[in-house]
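Asks: Encoded as C-alpha cells, here's the structure I'll be asking about.
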Amino acid sequence: MTSRPLWFDDLQALMPTAVVTQEAVIAPHLEESRGRFQGACGAFVQPQTVDQVQRLMRFCADRQIPIVPQGGNTGHVGGAVGRADGVLLSLSKLNKIRAVDPIGGTMTVDAGCILQTVQQEADRHDLLFPLSLASEGSCQIGGTLATNAGGVHVVKYGTMRDLVLGLEVVLADGRIVDGLSALAKDNTGYDLKHLFMGSEGTLGVITGAVLKLSQKPTARETALFSCESMDHMLSVFHLFRRHFGDGIEAFEMMPRFGIDLALRHTEGARDPLDHEHAWYGLVDVVAYGPTSDLTDRLMGALTVAIEQGWVKDGVCAQNLTQAQAWWALREGMSAAQKKEGGSVKHDIALPIAQVPAFMTAAAALVLSLCPTARLCTFGHVGDGNIHYNITQPVDMDRAAFMALGAEITPALYDLVASYGGTFSAEHGVGRIKRTELAAYRGGQAYSVMQQIKAQLDPQGIMNPEVLF
Ligand SMILES: Cc1cc2nc3c(=O)[nH]c(=O)nc-3n(C[C@H](O)[C@H](O)[C@H](O)COP(=O)(O)OP(=O)(O)OC[C@H]3O[C@@H](n4cnc5c(N)ncnc54)[C@H](O)[C@@H]3O)c2cc1C
C-alpha cells in the first residue's frame, strides 16, 4: 500500500478491527502465484464476521470503491490481485466451522476456512470431504467455490459445484442472499448458488457454505501403469469403468518427459517402472464395506489390460509409501517443469473420447510452430482435463520461447474449440483469459453473463478486471 485513498480514514473508523495496516501482514496478499501481476490495495480488510462484510460492501457501494475478494491467493489466473484504488477483501479471518451434521452428511462453514481444515474436520467425524488439490493447505472454501475448483477426484465426486448444497453471499450493495440450505431437494425457482460458482468474485462475496460430505471408503488401492498411446490409455479407462464403476477415485496421466522432469528435479524421486514408456497412468480405486477384495480386482483389471495390449507394464502399490511416492511424481510435475525453464501452460478440457485425436493434432500443431518444444502434457484424463504445458526448448532462450508461446496459445485454443473442448477447465478465467471468454463463449451465453453482472453489480465494483 503506497498512498492511502481519501476514503481510507472513514473505512478505518467504520471497522477499526478489520482494516489492517501492518505492511508485513499485507505484503504476501499482494503477491500473485505465477508472478504475472503486481498486486496493490487502497485498503486491506480482513472481516471476522458476515456483518462486517455487509458493512464493508455498503460502504464501498456508496462510494463506488472497487472490491477484490481474496481467499488463499493460490489461483492461477490473476483473479485475486488487488488494485491501488480499491479494497482487497481477505476472507482469511472468517474461518469458523459453523456446524457438522454427520447424519445428513453436511458441514456448514465460513468461506475463509482452509480446504485442508475442512477435510480434517470431516475426517474427525469419520466422513470425507473429497475435493483434493495440491494447494489444499492454503486455498479456502470461498476461493474453491468462486472458481468451481476441480482437482484429482472429479472423476468420482465432481467439481466444487457438485459438493455444495447451499451458499451465503453478500451482494455488491450489501444485501445478503441467505441460501444456507442443507436440502438435497429444493425446487423453488432458480438455483442461485450456481450463479456464484465460477463467478470469481465478480457478483458478490461468498461468506458461508453448506458442503456435502461423503462416506469414507474402507479400502483404497493405487496402480501405476504404462501405455504406448493415448488410445490405449482411454481403453484402460473404459475397462476400469466397467470393472469399478464409480469406484475410480482418480485417473491421471503423465508423459515420459514429465516423469523425466520429476526425476531430475524432485529429491528422492525414483523411476516407477523398469523400462521407459510414452505414457503413464496413475489410478486410485476405492471400495466400501467391512471386507474387500479390491487388491485382487485391481490386479485382475490390470491383467486384462496387459492381455489386450493396452498396458505395457503395470504394478499395484505394495504399501501407502509407494502409492504416495507415485502421487508425489504427479503432484510435483508443475514444480519440476518450473525448474526446467519457461513454460507455456494451458488448462484445457475435452470430451474424453476426443482426447487421443486431440493430443495427436495438438502435438503436430505445436511442433509445427516450435519444432524443438518439449511437451509436458499431464492431468486429470479421467474427466478430460489436460494441463497442456509446453516447456522451453533446450536450444531456445526463455524470452524467445515465451514470445512464441503467445502465438501457440491462440492456435491451440482454436484447436481445442474445434474438438468441442474448453480453454479453461478448472483454473478459471481471471484477468488472464478474458479475451478467450469473449471469443469462445460468444453469442448469447456471453451477453447473458454480462446482463447478470450488470443486474447484480450495476456499478461494476466487484472484481472489475476479472472475467469481462
Ligand atoms: C499448487 C497448486 C495446485 C493447484 N491445483 C489445482 C487443481 O488441481 N484444481 C483446481 O481447480 N485448481 C487448482 N489450483 C488453483 C487454485 O488453488 C484453485 O483455483 C483454488 O480454488 C483457489 O482458491 P483460493 O482460496 O486460493 O482463491 P484465490 O486465489 O484467493 O481467489 C480465486 C478467485 O476467487 C475469488 N474469491 C476468493 N474467495 C472468494 C469469496 N469468498 N467470495 C467470492 N469470490 C472469492 C477471487 O476474487 C478470485 O477471483 C492449484 C493451485 C496451486 C498453487
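Ordering of the C-alpha cells sets the chain letters (A, B, ...), residue numbers begin anew at 1 in every chain, and ligands are numbered from 1 in the order given.
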I'd like the contact shell of A:Ala406 - 12 Å cut-off, only C-alpha atoms, skipping same-chain residues fewer than 3 positions apart - returned as a count of residues only.

Replies: 18

Asks: Set the distance at 12 Å and use only C-alpha atoms: which residues neighbour A:Ala438 once local chain neighbours fewer than 5 positions away are removed? I'd like the list as a list in words.

Replies: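 Near neighbours after the sequence-gap exclusion: Phe423, Val429, Lys433, Gly443, Gln444, Ala445, Tyr446, Ser447, Val448, Met449, Gln450, Leu467 and Phe468 of chain A.
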
Asks: Residues of the last selection are to be written out with C-alpha atoms, as a PDB file, in the first residue's frame.

Replies:
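For reference, part_37.pdb as written:
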```pdb
ATOM      1  CA  PHE A 423      -9.841 -23.198 -22.842  1.00  0.00           C
ATOM      2  CA  VAL A 429     -10.738 -17.010 -16.415  1.00  0.00           C
ATOM      3  CA  LYS A 433      -8.265 -15.310 -20.187  1.00  0.00           C
ATOM      4  CA  GLY A 443     -23.029 -15.048 -28.742  1.00  0.00           C
ATOM      5  CA  GLN A 444     -25.898 -15.321 -26.312  1.00  0.00           C
ATOM      6  CA  ALA A 445     -24.065 -17.067 -23.446  1.00  0.00           C
ATOM      7  CA  TYR A 446     -21.577 -14.220 -23.117  1.00  0.00           C
ATOM      8  CA  SER A 447     -24.184 -11.469 -23.360  1.00  0.00           C
ATOM      9  CA  VAL A 448     -26.430 -13.211 -20.788  1.00  0.00           C
ATOM     10  CA  MET A 449     -23.447 -13.333 -18.427  1.00  0.00           C
ATOM     11  CA  GLN A 450     -22.918  -9.594 -18.970  1.00  0.00           C
ATOM     12  CA  LEU A 467     -13.979 -12.215 -16.484  1.00  0.00           C
ATOM     13  CA  PHE A 468     -15.068  -9.231 -18.616  1.00  0.00           C
TER      14      PHE A 468
END
```

Asks: Please give me, as a ChimeraX atom specification, the residues lying within 6 Å of ligand 1 when counting only C-alpha atoms and all ligand atoms.

Replies: /A:68-76,79-80,91,111,133-135,139-140,142-144,146-147,149-151,200-201,204-207,426-427,430

Asks: If you run DSSP on this backbone, which residues of stretch 181-311 of chain A come out as helix (DSSP H, G or I), and could you give them as JSON, numbers by chain?

Replies: {"A": [193, 194, 195, 196, 230, 231, 232, 233, 234, 235, 236, 237, 238, 239, 240, 241, 242, 243, 244, 245, 246, 247, 256, 257, 258, 259, 260, 261, 262, 263, 264, 265, 294, 295, 296, 297, 298, 299, 300, 301, 302, 303, 304, 305, 306, 307]}

Asks: Run DSSP on the backbone and tell me which residues of stretch 304-444 of chain A come out as strand (DSSP E); list them as a list in words.

Replies: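 Those residues are Asp313, Gly314, Val315, Cys316, Ser343, Val344, Asp347, Ile348, Ala349, Arg374, Leu375, Cys376, Thr377, Phe378, Gly379, His380, Asn385, Ile386, His387, Tyr388, Asn389, Ile390 and Thr391 of chain A.
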
Asks: For stretch 48-53 of chain A, find every residue with an atom within 10 Å (counting only C-alpha atoms), except residues of its own chain fewer than 4 positions away, and show them as JSON, numbers by chain.

Replies: {"A": [14, 15, 17, 18, 57, 58, 59, 89, 90, 91, 92, 93, 94, 95, 96, 110, 111, 112, 168, 169, 170, 171, 174, 176, 205, 206, 207, 208]}

Asks: With only C-alpha atoms as the basis for distance, which of A:Tyr419, A:Phe378, A:Trp310, A:Phe240 is at the shortest distance from A:Gly332?

Replies: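 Looking at the shortest contact to A:Gly332, the residue is A:Phe378.
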
Asks: Would you list the contacts of stretch 264-272 of chain A as a ChimeraX atom specification, taking every protein, DNA or RNA residue within 8 Å and counting only C-alpha atoms, but skipping same-chain residues closer than 5 positions in sequence?

Replies: /A:224,259,325-326,329,332,336,339

Asks: Go through A:Gly442, A:Gly379, A:Pro102, A:Gly428 one by one, measure the shortest atom-to-atom distance of each to A:Leu145 using only C-alpha atoms, and give the residue with the smallest value.

Replies: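 Of A:Gly442, A:Gly379, A:Pro102, A:Gly428, the one nearest A:Leu145 is A:Gly428, counting only C-alpha atoms.
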